[in-house]
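See below for model-v8.cif, which holds mmCIF, C-alpha atoms.
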data_structure
#
loop_
_atom_site.label_atom_id
_atom_site.label_comp_id
_atom_site.auth_asym_id
_atom_site.auth_seq_id
_atom_site.Cartn_x
_atom_site.Cartn_y
_atom_site.Cartn_z
CA MET A 50 -7.48 -12.65 -50.22
CA LYS A 51 -8.35 -15.98 -51.78
CA LYS A 52 -6.32 -19.09 -51.06
CA THR A 53 -6.45 -22.54 -52.51
CA LYS A 54 -4.34 -25.03 -50.58
CA LEU A 55 -4.08 -28.78 -50.95
CA ALA A 56 -2.99 -30.87 -47.99
CA ALA A 57 -2.65 -34.48 -46.92
CA ILE A 58 -5.71 -36.65 -46.52
CA SER A 59 -4.34 -39.27 -44.17
CA MET A 60 -2.74 -39.25 -40.73
CA PRO A 61 0.45 -41.10 -41.88
CA VAL A 62 1.08 -38.63 -44.69
CA ALA A 63 0.50 -35.65 -42.39
CA ALA A 64 2.92 -37.12 -39.86
CA ALA A 65 5.52 -37.78 -42.55
CA ILE A 66 5.36 -34.17 -43.71
CA ALA A 67 5.87 -32.92 -40.16
CA VAL A 68 8.92 -35.18 -39.75
CA VAL A 69 10.44 -34.01 -43.03
CA VAL A 70 9.96 -30.37 -42.05
CA TYR A 71 11.62 -31.01 -38.70
CA LEU A 72 14.55 -32.92 -40.17
CA PHE A 73 15.08 -30.27 -42.82
CA GLY A 74 15.33 -27.53 -40.19
CA PHE A 75 17.49 -29.68 -37.92
CA TYR A 76 19.92 -30.57 -40.71
CA HIS A 77 20.38 -27.00 -41.89
CA GLY A 78 20.84 -25.75 -38.36
CA GLN A 79 23.56 -28.33 -37.64
CA THR A 80 25.45 -27.88 -40.91
CA ASN A 81 25.21 -24.07 -41.06
CA GLU A 82 23.66 -24.41 -44.50
CA GLY A 83 20.66 -22.46 -43.27
CA PRO A 84 19.70 -20.23 -40.36
CA ALA A 85 20.45 -22.06 -37.11
CA VAL A 86 18.23 -19.73 -35.08
CA LEU A 87 14.62 -19.50 -36.19
CA SER A 88 12.28 -16.61 -35.59
CA ASN A 89 9.54 -17.04 -32.98
CA ALA A 90 7.00 -17.51 -35.78
CA ASN A 91 8.87 -20.57 -37.03
CA ALA A 92 10.10 -21.97 -33.71
CA SER A 93 7.24 -24.44 -33.30
CA VAL A 94 7.86 -25.90 -36.76
CA ALA A 95 11.39 -27.03 -35.90
CA SER A 96 10.71 -27.99 -32.30
CA PRO A 97 10.81 -31.71 -31.49
CA VAL A 98 8.02 -31.28 -28.92
CA ASN A 99 5.80 -28.35 -29.94
CA ALA A 100 2.77 -28.73 -32.19
CA VAL A 101 2.83 -27.14 -35.63
CA GLU A 102 0.54 -24.15 -35.37
CA ASP A 103 -0.69 -23.99 -38.98
CA ARG A 104 -1.11 -27.53 -40.27
CA ASP A 105 -3.18 -26.38 -43.24
CA VAL A 106 -5.61 -29.30 -42.93
CA TYR A 107 -9.04 -29.71 -41.39
CA TYR A 108 -9.54 -32.17 -38.56
CA PRO A 109 -13.31 -32.74 -38.17
CA GLY A 110 -14.62 -31.72 -34.78
CA SER A 111 -11.51 -29.72 -33.90
CA GLU A 112 -12.40 -26.20 -35.07
CA ASP A 113 -15.05 -23.71 -34.05
CA LEU A 114 -17.05 -22.25 -36.92
CA GLY A 115 -17.18 -18.45 -36.82
CA LYS A 116 -20.60 -16.87 -36.39
CA ASP A 117 -20.31 -15.25 -39.84
CA GLU A 118 -18.57 -18.21 -41.49
CA MET A 119 -19.68 -20.93 -43.90
CA ARG A 120 -17.90 -24.28 -44.22
CA VAL A 121 -18.53 -26.58 -47.17
CA ILE A 122 -17.21 -30.16 -47.24
CA ALA A 123 -17.11 -32.41 -50.29
CA CYS A 124 -18.51 -35.77 -49.19
CA GLY A 125 -18.87 -37.11 -52.73
CA THR A 126 -17.40 -35.81 -55.97
CA GLY A 127 -17.10 -38.81 -58.27
CA MET A 128 -18.94 -40.67 -60.99
CA PRO A 129 -22.13 -42.79 -61.08
CA ASN A 130 -20.05 -45.97 -60.80
CA ALA A 131 -18.63 -46.43 -57.32
CA ARG A 132 -14.98 -46.57 -56.33
CA PRO A 133 -13.10 -46.26 -53.01
CA LYS A 134 -11.42 -42.90 -53.70
CA GLN A 135 -14.54 -40.89 -54.50
CA ALA A 136 -18.14 -41.35 -53.43
CA ALA A 137 -20.95 -40.01 -55.59
CA ALA A 138 -22.36 -36.48 -55.30
CA CYS A 139 -22.72 -34.98 -51.84
CA PHE A 140 -21.81 -31.63 -50.29
CA LEU A 141 -22.27 -30.68 -46.64
CA VAL A 142 -22.86 -27.00 -45.87
CA GLU A 143 -22.30 -25.82 -42.28
CA LEU A 144 -23.23 -22.31 -41.19
CA GLY A 145 -22.10 -20.20 -38.27
CA ASN A 146 -25.68 -20.05 -36.99
CA GLY A 147 -25.54 -23.82 -36.29
CA ASP A 148 -27.52 -25.00 -39.33
CA LYS A 149 -26.27 -27.83 -41.50
CA PHE A 150 -27.56 -28.85 -44.94
CA ILE A 151 -26.78 -31.82 -47.18
CA PHE A 152 -26.98 -31.28 -50.93
CA ASP A 153 -27.37 -34.60 -52.75
CA ILE A 154 -26.63 -37.89 -51.01
CA GLY A 155 -25.07 -40.08 -53.70
CA THR A 156 -23.84 -43.64 -53.37
CA GLY A 157 -21.08 -43.99 -50.77
CA SER A 158 -21.43 -40.49 -49.35
CA ALA A 159 -23.00 -41.51 -46.03
CA GLU A 160 -19.63 -42.95 -45.05
CA ARG A 161 -17.98 -39.57 -45.68
CA LEU A 162 -20.64 -37.75 -43.66
CA SER A 163 -19.99 -40.06 -40.72
CA ALA A 164 -16.33 -38.98 -40.70
CA MET A 165 -17.29 -35.36 -39.97
CA LEU A 166 -17.91 -36.04 -36.25
CA ILE A 167 -21.33 -34.40 -36.26
CA PRO A 168 -24.27 -35.69 -34.18
CA TYR A 169 -26.79 -37.19 -36.59
CA ASP A 170 -29.55 -35.04 -35.08
CA TYR A 171 -27.91 -32.15 -36.96
CA LEU A 172 -27.66 -34.10 -40.25
CA ASP A 173 -31.41 -34.01 -40.77
CA LYS A 174 -31.91 -31.73 -43.80
CA VAL A 175 -31.26 -33.19 -47.28
CA PHE A 176 -31.83 -31.41 -50.59
CA ILE A 177 -31.84 -33.72 -53.60
CA GLY A 178 -31.32 -32.33 -57.10
CA HIS A 179 -32.58 -35.36 -59.02
CA LEU A 180 -33.20 -39.05 -58.65
CA HIS A 181 -30.19 -40.68 -60.25
CA ALA A 182 -28.60 -43.16 -57.85
CA ASP A 183 -25.35 -41.21 -57.78
CA HIS A 184 -27.29 -38.26 -56.33
CA PHE A 185 -29.65 -39.95 -53.86
CA GLY A 186 -28.42 -43.55 -53.67
CA ASP A 187 -27.27 -43.24 -50.04
CA LEU A 188 -30.48 -41.69 -48.75
CA ASP A 189 -31.36 -45.09 -47.31
CA ALA A 190 -27.96 -45.33 -45.59
CA LEU A 191 -28.41 -41.92 -43.97
CA TRP A 192 -32.02 -42.73 -43.05
CA VAL A 193 -31.51 -46.17 -41.49
CA GLY A 194 -27.89 -45.72 -40.45
CA GLY A 195 -28.73 -42.39 -38.83
CA VAL A 196 -31.26 -44.11 -36.56
CA LEU A 197 -28.62 -46.54 -35.33
CA ALA A 198 -26.15 -43.64 -35.02
CA ASN A 199 -28.47 -41.93 -32.51
CA ARG A 200 -30.59 -39.59 -34.64
CA GLN A 201 -33.75 -38.92 -32.63
CA ARG A 202 -35.60 -36.57 -34.93
CA PRO A 203 -37.20 -37.01 -38.36
CA LEU A 204 -35.04 -37.00 -41.47
CA ARG A 205 -36.30 -34.17 -43.69
CA VAL A 206 -35.95 -34.36 -47.45
CA TRP A 207 -36.59 -31.74 -50.11
CA GLY A 208 -36.71 -32.66 -53.79
CA PRO A 209 -38.41 -31.99 -57.11
CA SER A 210 -41.56 -33.32 -58.66
CA GLY A 211 -41.43 -35.05 -62.03
CA SER A 212 -43.31 -34.95 -65.29
CA GLU A 213 -45.27 -37.91 -63.87
CA GLU A 214 -46.00 -38.80 -60.24
CA LYS A 215 -43.65 -41.79 -60.36
CA TYR A 216 -40.72 -39.52 -61.24
CA GLY A 217 -41.03 -37.29 -58.16
CA ILE A 218 -39.27 -37.35 -54.78
CA LYS A 219 -42.41 -38.32 -52.83
CA TYR A 220 -42.91 -41.44 -54.91
CA ALA A 221 -39.24 -42.36 -54.57
CA VAL A 222 -39.18 -41.99 -50.78
CA GLU A 223 -42.47 -43.83 -50.25
CA HIS A 224 -41.21 -46.77 -52.27
CA MET A 225 -37.85 -46.67 -50.50
CA LYS A 226 -39.77 -47.07 -47.25
CA GLU A 227 -41.65 -50.02 -48.73
CA MET A 228 -38.37 -51.57 -49.85
CA PHE A 229 -37.15 -51.36 -46.25
CA SER A 230 -40.35 -52.76 -44.70
CA TRP A 231 -38.55 -55.78 -43.28
CA ASP A 232 -35.69 -53.64 -41.98
CA PHE A 233 -38.07 -51.29 -40.16
CA ALA A 234 -40.20 -54.11 -38.74
CA SER A 235 -37.17 -56.04 -37.51
CA ARG A 236 -35.93 -53.08 -35.47
CA GLN A 237 -39.18 -52.44 -33.62
CA GLY A 238 -38.69 -53.16 -29.92
CA ASN A 239 -34.97 -53.79 -30.43
CA VAL A 240 -33.65 -50.23 -30.80
CA ASN A 241 -35.11 -46.76 -30.42
CA THR A 242 -36.66 -46.01 -33.81
CA VAL A 243 -37.99 -42.46 -33.35
CA GLY A 244 -35.54 -41.33 -36.04
CA PHE A 245 -37.20 -43.57 -38.62
CA LYS A 246 -39.74 -40.88 -39.39
CA ILE A 247 -39.04 -39.20 -42.72
CA GLU A 248 -40.67 -35.98 -43.92
CA VAL A 249 -40.72 -35.09 -47.62
CA THR A 250 -41.23 -31.69 -49.21
CA GLU A 251 -41.83 -31.98 -52.94
CA PHE A 252 -41.78 -28.83 -55.07
CA ASP A 253 -42.40 -28.09 -58.74
CA TYR A 254 -39.26 -28.77 -60.75
CA ARG A 255 -40.26 -25.96 -63.12
CA ALA A 256 -40.20 -23.31 -60.37
CA VAL A 257 -37.70 -20.53 -61.10
CA ASN A 258 -35.82 -19.01 -58.16
CA LYS A 259 -38.59 -20.15 -55.83
CA VAL A 260 -37.98 -20.22 -52.08
CA ILE A 261 -38.33 -23.78 -50.79
CA TYR A 262 -36.71 -23.26 -47.37
CA GLU A 263 -36.60 -20.14 -45.20
CA LYS A 264 -35.67 -20.28 -41.54
CA ASN A 265 -33.10 -18.89 -39.10
CA GLY A 266 -31.82 -16.38 -41.65
CA VAL A 267 -31.25 -19.07 -44.31
CA THR A 268 -33.01 -19.00 -47.67
CA ILE A 269 -32.78 -21.86 -50.18
CA ARG A 270 -34.16 -21.47 -53.69
CA THR A 271 -34.63 -23.88 -56.56
CA ILE A 272 -34.08 -23.33 -60.27
CA PRO A 273 -34.67 -25.83 -63.11
CA ALA A 274 -31.78 -27.93 -64.35
CA ILE A 275 -31.46 -29.71 -67.70
CA HIS A 276 -30.35 -33.31 -67.35
CA ALA A 277 -31.56 -36.60 -68.88
CA LEU A 278 -35.33 -36.04 -68.30
CA ASP A 279 -37.62 -33.36 -66.95
CA GLY A 280 -37.28 -33.12 -63.17
CA PRO A 281 -33.73 -32.15 -62.10
CA VAL A 282 -33.08 -28.89 -60.24
CA SER A 283 -30.21 -26.82 -58.88
CA PHE A 284 -30.09 -25.05 -55.52
CA ILE A 285 -29.02 -21.63 -54.25
CA LEU A 286 -28.46 -21.00 -50.54
CA ASP A 287 -28.25 -17.44 -49.19
CA TRP A 288 -27.19 -16.66 -45.63
CA ASN A 289 -25.51 -13.73 -43.93
CA GLY A 290 -24.56 -12.09 -47.22
CA LEU A 291 -22.95 -15.30 -48.56
CA LYS A 292 -24.24 -17.25 -51.54
CA PHE A 293 -23.69 -20.98 -52.17
CA ALA A 294 -24.81 -22.46 -55.50
CA PHE A 295 -24.99 -26.17 -56.30
CA SER A 296 -25.85 -27.43 -59.77
CA SER A 297 -26.38 -31.11 -58.97
CA ASP A 298 -26.33 -32.24 -62.64
CA THR A 299 -27.20 -29.92 -65.48
CA PHE A 300 -26.44 -28.86 -69.01
CA PRO A 301 -25.50 -25.15 -69.15
CA ASN A 302 -28.74 -23.20 -68.85
CA LYS A 303 -30.17 -19.69 -68.59
CA TRP A 304 -31.50 -20.09 -65.05
CA TRP A 305 -28.10 -20.92 -63.61
CA MET A 306 -26.50 -18.03 -65.50
CA LYS A 307 -29.04 -15.53 -64.19
CA HIS A 308 -29.46 -16.57 -60.58
CA THR A 309 -25.98 -17.74 -59.51
CA THR A 310 -23.98 -14.77 -60.79
CA GLY A 311 -21.46 -13.60 -58.22
CA ALA A 312 -21.88 -16.62 -55.93
CA ASP A 313 -19.25 -16.97 -53.24
CA LEU A 314 -18.95 -20.70 -53.92
CA ALA A 315 -20.37 -22.11 -57.14
CA ILE A 316 -20.25 -25.91 -57.39
CA HIS A 317 -21.08 -27.15 -60.88
CA GLU A 318 -20.59 -30.45 -62.58
CA SER A 319 -17.63 -30.76 -64.94
CA PHE A 320 -18.03 -34.26 -66.30
CA ILE A 321 -15.24 -36.48 -67.54
CA ALA A 322 -13.95 -35.32 -70.91
CA PRO A 323 -15.16 -37.43 -73.87
CA ASN A 324 -11.65 -38.73 -74.61
CA ASP A 325 -11.34 -40.09 -71.06
CA LEU A 326 -14.82 -41.60 -71.22
CA VAL A 327 -13.63 -43.59 -74.24
CA ASN A 328 -10.10 -44.45 -73.07
CA LEU A 329 -10.69 -44.98 -69.33
CA GLN A 330 -14.41 -45.58 -68.87
CA LYS A 331 -14.42 -47.74 -72.05
CA TRP A 332 -17.50 -46.15 -73.58
CA ALA A 333 -18.40 -45.99 -77.24
CA VAL A 334 -17.39 -42.71 -78.87
CA GLU A 335 -21.01 -41.89 -79.69
CA ASP A 336 -22.08 -42.31 -76.04
CA ALA A 337 -19.05 -40.44 -74.71
CA LEU A 338 -19.79 -37.40 -76.86
CA ASN A 339 -23.52 -37.44 -76.15
CA VAL A 340 -23.32 -37.98 -72.39
CA GLY A 341 -20.18 -35.90 -71.93
CA THR A 342 -21.45 -32.78 -73.71
CA GLN A 343 -25.26 -33.03 -73.98
CA VAL A 344 -26.46 -34.90 -70.89
CA HIS A 345 -23.72 -33.40 -68.70
CA THR A 346 -21.50 -30.31 -68.78
CA SER A 347 -18.04 -30.94 -70.21
CA PRO A 348 -14.92 -29.26 -68.75
CA ALA A 349 -14.78 -26.76 -71.62
CA GLN A 350 -18.46 -25.90 -71.10
CA PHE A 351 -17.90 -25.64 -67.35
CA GLY A 352 -15.20 -23.05 -67.93
CA LYS A 353 -17.54 -21.01 -70.11
CA VAL A 354 -20.28 -21.17 -67.47
CA MET A 355 -17.94 -19.93 -64.75
CA SER A 356 -16.56 -17.14 -66.91
CA GLU A 357 -20.12 -15.83 -67.24
CA ILE A 358 -21.23 -16.04 -63.59
CA ASN A 359 -17.85 -14.97 -62.16
CA PRO A 360 -17.98 -16.61 -58.69
CA ARG A 361 -15.49 -15.91 -55.93
CA MET A 362 -14.58 -19.61 -56.15
CA ALA A 363 -15.59 -22.04 -58.87
CA VAL A 364 -15.71 -25.72 -57.94
CA ALA A 365 -15.64 -28.45 -60.59
CA TYR A 366 -16.91 -31.89 -59.58
CA HIS A 367 -18.43 -35.09 -61.01
CA PHE A 368 -15.27 -36.58 -62.50
CA PHE A 369 -12.63 -39.05 -61.40
CA ASN A 370 -9.87 -36.78 -60.10
CA ASP A 371 -6.75 -38.73 -61.06
CA HIS A 372 -3.20 -37.94 -62.16
CA ASN A 373 -4.10 -38.89 -65.71
CA THR A 374 -7.39 -36.95 -65.91
CA ILE A 375 -6.78 -33.72 -64.01
CA GLU A 376 -4.32 -32.17 -66.48
CA GLY A 377 -6.61 -32.64 -69.47
CA ALA A 378 -9.66 -31.35 -67.61
CA LEU A 379 -7.77 -28.28 -66.40
CA ARG A 380 -6.50 -27.55 -69.89
CA LEU A 381 -10.05 -27.58 -71.24
CA ILE A 382 -11.42 -25.44 -68.40
CA ARG A 383 -8.64 -22.88 -68.68
CA LYS A 384 -9.42 -22.31 -72.35
CA THR A 385 -12.57 -20.49 -71.28
CA TYR A 386 -12.08 -19.56 -67.59
CA ASP A 387 -9.11 -18.07 -65.74
CA GLY A 388 -10.67 -17.32 -62.35
CA PRO A 389 -10.32 -19.00 -58.91
CA LEU A 390 -10.90 -22.74 -59.25
CA SER A 391 -11.04 -25.90 -57.15
CA MET A 392 -10.94 -29.31 -58.84
CA ALA A 393 -12.95 -31.14 -56.22
CA THR A 394 -12.17 -34.46 -54.64
CA ASP A 395 -13.65 -36.11 -51.57
CA TYR A 396 -12.89 -34.46 -48.23
CA MET A 397 -12.00 -31.11 -49.77
CA VAL A 398 -13.06 -28.28 -47.44
CA TRP A 399 -13.85 -24.62 -48.12
CA ASN A 400 -14.10 -22.04 -45.33
CA ILE A 401 -15.90 -18.96 -46.59
CA THR A 402 -16.21 -15.51 -45.08
CA LYS A 403 -16.84 -12.16 -46.72
CA ASP A 404 -13.09 -11.51 -46.65
CA GLU A 405 -11.53 -14.85 -47.58
CA ILE A 406 -12.06 -18.32 -49.02
CA THR A 407 -9.65 -20.99 -47.82
CA THR A 408 -9.42 -24.42 -49.45
CA ARG A 409 -7.96 -27.38 -47.56
CA MET A 410 -8.27 -31.13 -47.26
CA ALA A 411 -9.76 -32.92 -44.28
CA VAL A 412 -7.85 -35.56 -42.36
CA VAL A 413 -10.35 -38.17 -41.19
CA ASP A 414 -10.42 -40.98 -38.67
CA GLU A 415 -11.47 -44.17 -40.45
CA ASP A 416 -12.23 -45.86 -37.11
CA ILE A 417 -15.08 -43.46 -36.45
CA TRP A 418 -17.90 -44.05 -33.96
CA PRO A 419 -21.09 -41.96 -33.84
CA LEU A 420 -21.58 -39.16 -31.34
CA PRO A 421 -24.49 -39.30 -28.88
CA SER A 422 -27.84 -37.73 -29.62
CA ILE A 423 -28.32 -34.11 -28.56
CA THR A 424 -31.40 -35.31 -26.66
CA GLU A 425 -31.77 -38.07 -24.05
CA LYS A 426 -31.42 -41.48 -25.70
CA LEU A 427 -34.33 -43.63 -24.64
CA PRO A 428 -34.34 -47.44 -24.92
CA ALA A 429 -36.69 -49.33 -27.20
CA ASP A 430 -40.06 -50.46 -25.90
CA PRO A 431 -40.07 -54.29 -25.97
CA LYS A 432 -43.85 -54.23 -26.49
CA ASP A 433 -43.21 -52.96 -30.03
CA LYS A 434 -41.28 -56.09 -30.98
CA ILE A 435 -42.86 -58.21 -33.72
CA GLY A 436 -40.74 -61.25 -32.95
CA PHE A 437 -40.41 -64.67 -34.59
CA SER A 438 -42.79 -67.34 -35.72
CA ASP A 439 -42.97 -70.46 -33.54
CA PHE A 440 -41.04 -72.33 -36.22
CA ILE A 441 -38.04 -69.97 -36.17
CA TYR A 442 -38.19 -69.40 -32.41
CA GLY A 443 -38.08 -73.14 -31.88
CA GLY A 444 -34.65 -73.27 -33.55
CA ARG A 445 -32.90 -71.04 -31.01
CA VAL A 446 -30.00 -72.38 -28.93
CA PRO A 447 -29.87 -69.68 -26.21
CA TYR A 448 -26.81 -70.63 -24.09
CA GLN A 449 -28.66 -69.14 -21.14
CA ASP A 450 -25.73 -69.34 -18.71
CA VAL A 451 -23.53 -67.34 -21.08
CA VAL A 452 -26.22 -64.71 -21.64
CA ASN A 453 -26.89 -64.47 -17.88
CA LYS A 454 -23.21 -63.66 -17.32
CA VAL A 455 -23.20 -61.00 -20.05
CA TYR A 456 -26.20 -59.28 -18.48
CA GLU A 457 -24.70 -59.53 -15.00
CA ASP A 458 -21.34 -58.03 -16.05
CA THR A 459 -22.92 -55.26 -18.17
CA ASN A 460 -25.34 -54.24 -15.42
CA LYS A 461 -22.46 -54.10 -12.97
CA THR A 462 -20.40 -51.90 -15.32
CA PHE A 463 -23.15 -49.35 -15.94
CA GLY A 464 -25.00 -49.53 -12.64
CA THR A 465 -28.20 -50.79 -14.25
CA ASP A 466 -30.61 -53.59 -13.48
CA VAL A 467 -31.79 -54.85 -16.86
CA PRO A 468 -33.44 -58.26 -16.37
CA THR A 469 -32.18 -61.25 -18.30
CA PRO A 470 -34.70 -62.40 -20.93
CA LYS A 471 -36.23 -65.79 -20.26
#
Same coordinates, now as structure tokens:
Amino acid sequence: MKKTKLAAISMPVAAAIAVVVYLFGFYHGQTNEGPAVLSNANASVASPVNAVEDRDVYYPGSEDLGKDEMRVIACGTGMPNARPKQAAACFLVELGNGDKFIFDIGTGSAERLSAMLIPYDYLDKVFIGHLHADHFGDLDALWVGGVLANRQRPLRVWGPSGSEEKYGIKYAVEHMKEMFSWDFASRQGNVNTVGFKIEVTEFDYRAVNKVIYEKNGVTIRTIPAIHALDGPVSFILDWNGLKFAFSSDTFPNKWWMKHTTGADLAIHESFIAPNDLVNLQKWAVEDALNVGTQVHTSPAQFGKVMSEINPRMAVAYHFFNDHNTIEGALRLIRKTYDGPLSMATDYMVWNITKDEITTRMAVVDEDIWPLPSITEKLPADPKDKIGFSDFIYGGRVPYQDVVNKVYEDTNKTFGTDVPTPK
């Protein structure tokens, strides 16, 4: 049985729904307009003290993942231009064997990943479909931020080559590291930086259904995608008899049609319709038609793609999911596809087994703090510190008595004996 359920995405809304349900049951019981005595199955819903058993939302960190289960979380579903409601492309795949994989890491998505209450040591495998900022623009945030959030293992990145060296993932990551030279140097001797290591696996973007990752029963393959320039790819993950397919960005193409047929979850771009690109994004008609139907896959084309590969659940993403865009996009999709469908937005969650696919929304804590490393967290080695020039050091006003007190109080709290710097 397949279910697609939408739920609240904030604590206040979830609480309000629970109150309304309670008051509704209370009112009908008191006025005899409904059954005053509820069955055991419904008793907890109307109780003023019992928890609601089936809240139909996902609270990160609160559910075990079944050994044969896959969970996919949308951590970015929007457009290249940033906005608060939707980050750019990013999907987190969690498997019942303990593995976790990130597919694309677009601008703003690192914030969404942090809300999933997962130790950063586990968020160490990133597969990038192409090098547009809305698909890898938060790689730096995951890389540097992950170090400060207690990742103590290398960040591993897989991505395609390009038609020239400068268009490949290796070139991009090496120059990202150069861009952050000051950042890296400034942290030496101040925090543990073992997580700053980054490992890159670059593969041929022209490879068709080639295995690029195989470990622990998980196989990930790459197929070419058609988008903007030579270089983009799509990914297919197989595990435990379940298939996950992620297009990143692509025009409809023969490789996707052949190799993703029958996927359990097929996530494919369904870009903003040309009319909305003109009216809402304020683009020229010529650009809206070209980008919306030739550079990207339009909603009508998306529907045709899904009707041909026939997934258990089709997922449309890469559009601003608003009250004034969703109806038009759905109308276009439904002209060519009538199967199971999710119109993705950030924090949408799919739980996938061989028997069922359940779609919910996550309720996240915006005041999130990182979890500890899964290994012992070691302090930085002060000998690694580069430090200041004499000119800058000479401008310090240290307030030594204040600092001495901070060290004294902190050491007392944690039972340590860290010496005060002189």
So what does the PyMOL selection byres ((chain A and resi 189) around 12) actually pick up in this one, as number ranges by chain? A: 154-159, 175, 182, 185-188, 190-196, 204, 206, 221-229, 232-233, 245, 247
Could you give me, as a VMD selection string, the residues within 9 Å of A:Asp148, counting only C-alpha atoms and dropping anything in the same chain fewer than 5 positions from it? chain A and resid 142 to 143 171 265 267
Env of stretch 379-393 of chain A: 6 Å cut, atoms = all atoms listed in the file, seq-sep filter 2 positions within chain, self excluded. Answer as a PyMOL selection string. chain A and resi 348-349+352-353+356+362-366+376-377
Filtering to C-alpha atoms, could you give me those residues as a PDB file, in the coordinates of the input?
ATOM      1  CA  PRO A 348     -14.920 -29.260 -68.750  1.00  0.00           C
ATOM      2  CA  ALA A 349     -14.780 -26.760 -71.620  1.00  0.00           C
ATOM      3  CA  GLY A 352     -15.200 -23.050 -67.930  1.00  0.00           C
ATOM      4  CA  LYS A 353     -17.540 -21.010 -70.110  1.00  0.00           C
ATOM      5  CA  SER A 356     -16.560 -17.140 -66.910  1.00  0.00           C
ATOM      6  CA  MET A 362     -14.580 -19.610 -56.150  1.00  0.00           C
ATOM      7  CA  ALA A 363     -15.590 -22.040 -58.870  1.00  0.00           C
ATOM      8  CA  VAL A 364     -15.710 -25.720 -57.940  1.00  0.00           C
ATOM      9  CA  ALA A 365     -15.640 -28.450 -60.590  1.00  0.00           C
ATOM     10  CA  TYR A 366     -16.910 -31.890 -59.580  1.00  0.00           C
ATOM     11  CA  GLU A 376      -4.320 -32.170 -66.480  1.00  0.00           C
ATOM     12  CA  GLY A 377      -6.610 -32.640 -69.470  1.00  0.00           C
TER      13      GLY A 377
END
Compile the contact shell of A:Thr424 as an MDAnalysis selection string: residues with an atom at most 12 Å away, counting all atoms listed in the file, same-chain residues fewer than 4 positions apart removed. chainID A and resid 168:171 199:202 243:244 420
What's around A:Ser319 at 8 Å? Count all atoms listed in the file, leave out sequence neighbours fewer than 6 positions away in its own chain, and write the answer as an mmCIF file with C-alpha atoms, in the coordinates of the input.
data_model
loop_
_atom_site.group_PDB
_atom_site.id
_atom_site.type_symbol
_atom_site.label_atom_id
_atom_site.label_comp_id
_atom_site.auth_asym_id
_atom_site.auth_seq_id
_atom_site.Cartn_x
_atom_site.Cartn_y
_atom_site.Cartn_z
ATOM 1 C CA HIS A 345 -23.720 -33.400 -68.700
ATOM 2 C CA THR A 346 -21.500 -30.310 -68.780
ATOM 3 C CA SER A 347 -18.040 -30.940 -70.210
ATOM 4 C CA PRO A 348 -14.920 -29.260 -68.750
ATOM 5 C CA GLN A 350 -18.460 -25.900 -71.100
ATOM 6 C CA PHE A 351 -17.900 -25.640 -67.350
ATOM 7 C CA ALA A 365 -15.640 -28.450 -60.590
ATOM 8 C CA TYR A 366 -16.910 -31.890 -59.580
ATOM 9 C CA HIS A 367 -18.430 -35.090 -61.010
ATOM 10 C CA PHE A 368 -15.270 -36.580 -62.500
#
Test item: which residues lie within 10 Å of (-17.5, -40.2, -53.9) counting only C-alpha atoms, as a PyMOL selection string: chain A and resi 123-139+154-161+183+367-369+394-396
Residue subset to file, keeping C-alpha atoms, as an mmCIF file, in the frame of the given file:
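File written: part_5.cif
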data_model
loop_
_atom_site.group_PDB
_atom_site.id
_atom_site.type_symbol
_atom_site.label_atom_id
_atom_site.label_comp_id
_atom_site.auth_asym_id
_atom_site.auth_seq_id
_atom_site.Cartn_x
_atom_site.Cartn_y
_atom_site.Cartn_z
ATOM 1 C CA ALA A 123 -17.110 -32.410 -50.290
ATOM 2 C CA CYS A 124 -18.510 -35.770 -49.190
ATOM 3 C CA GLY A 125 -18.870 -37.110 -52.730
ATOM 4 C CA THR A 126 -17.400 -35.810 -55.970
ATOM 5 C CA GLY A 127 -17.100 -38.810 -58.270
ATOM 6 C CA MET A 128 -18.940 -40.670 -60.990
ATOM 7 C CA PRO A 129 -22.130 -42.790 -61.080
ATOM 8 C CA ASN A 130 -20.050 -45.970 -60.800
ATOM 9 C CA ALA A 131 -18.630 -46.430 -57.320
ATOM 10 C CA ARG A 132 -14.980 -46.570 -56.330
ATOM 11 C CA PRO A 133 -13.100 -46.260 -53.010
ATOM 12 C CA LYS A 134 -11.420 -42.900 -53.700
ATOM 13 C CA GLN A 135 -14.540 -40.890 -54.500
ATOM 14 C CA ALA A 136 -18.140 -41.350 -53.430
ATOM 15 C CA ALA A 137 -20.950 -40.010 -55.590
ATOM 16 C CA ALA A 138 -22.360 -36.480 -55.300
ATOM 17 C CA CYS A 139 -22.720 -34.980 -51.840
ATOM 18 C CA ILE A 154 -26.630 -37.890 -51.010
ATOM 19 C CA GLY A 155 -25.070 -40.080 -53.700
ATOM 20 C CA THR A 156 -23.840 -43.640 -53.370
ATOM 21 C CA GLY A 157 -21.080 -43.990 -50.770
ATOM 22 C CA SER A 158 -21.430 -40.490 -49.350
ATOM 23 C CA ALA A 159 -23.000 -41.510 -46.030
ATOM 24 C CA GLU A 160 -19.630 -42.950 -45.050
ATOM 25 C CA ARG A 161 -17.980 -39.570 -45.680
ATOM 26 C CA ASP A 183 -25.350 -41.210 -57.780
ATOM 27 C CA HIS A 367 -18.430 -35.090 -61.010
ATOM 28 C CA PHE A 368 -15.270 -36.580 -62.500
ATOM 29 C CA PHE A 369 -12.630 -39.050 -61.400
ATOM 30 C CA THR A 394 -12.170 -34.460 -54.640
ATOM 31 C CA ASP A 395 -13.650 -36.110 -51.570
ATOM 32 C CA TYR A 396 -12.890 -34.460 -48.230
#
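Minimum atom-to-atom distance to A:Arg205, evaluated using only C-alpha atoms, belongs to A:Val249 out of A:Ala164, A:Val282, A:Val249, A:Ile177.
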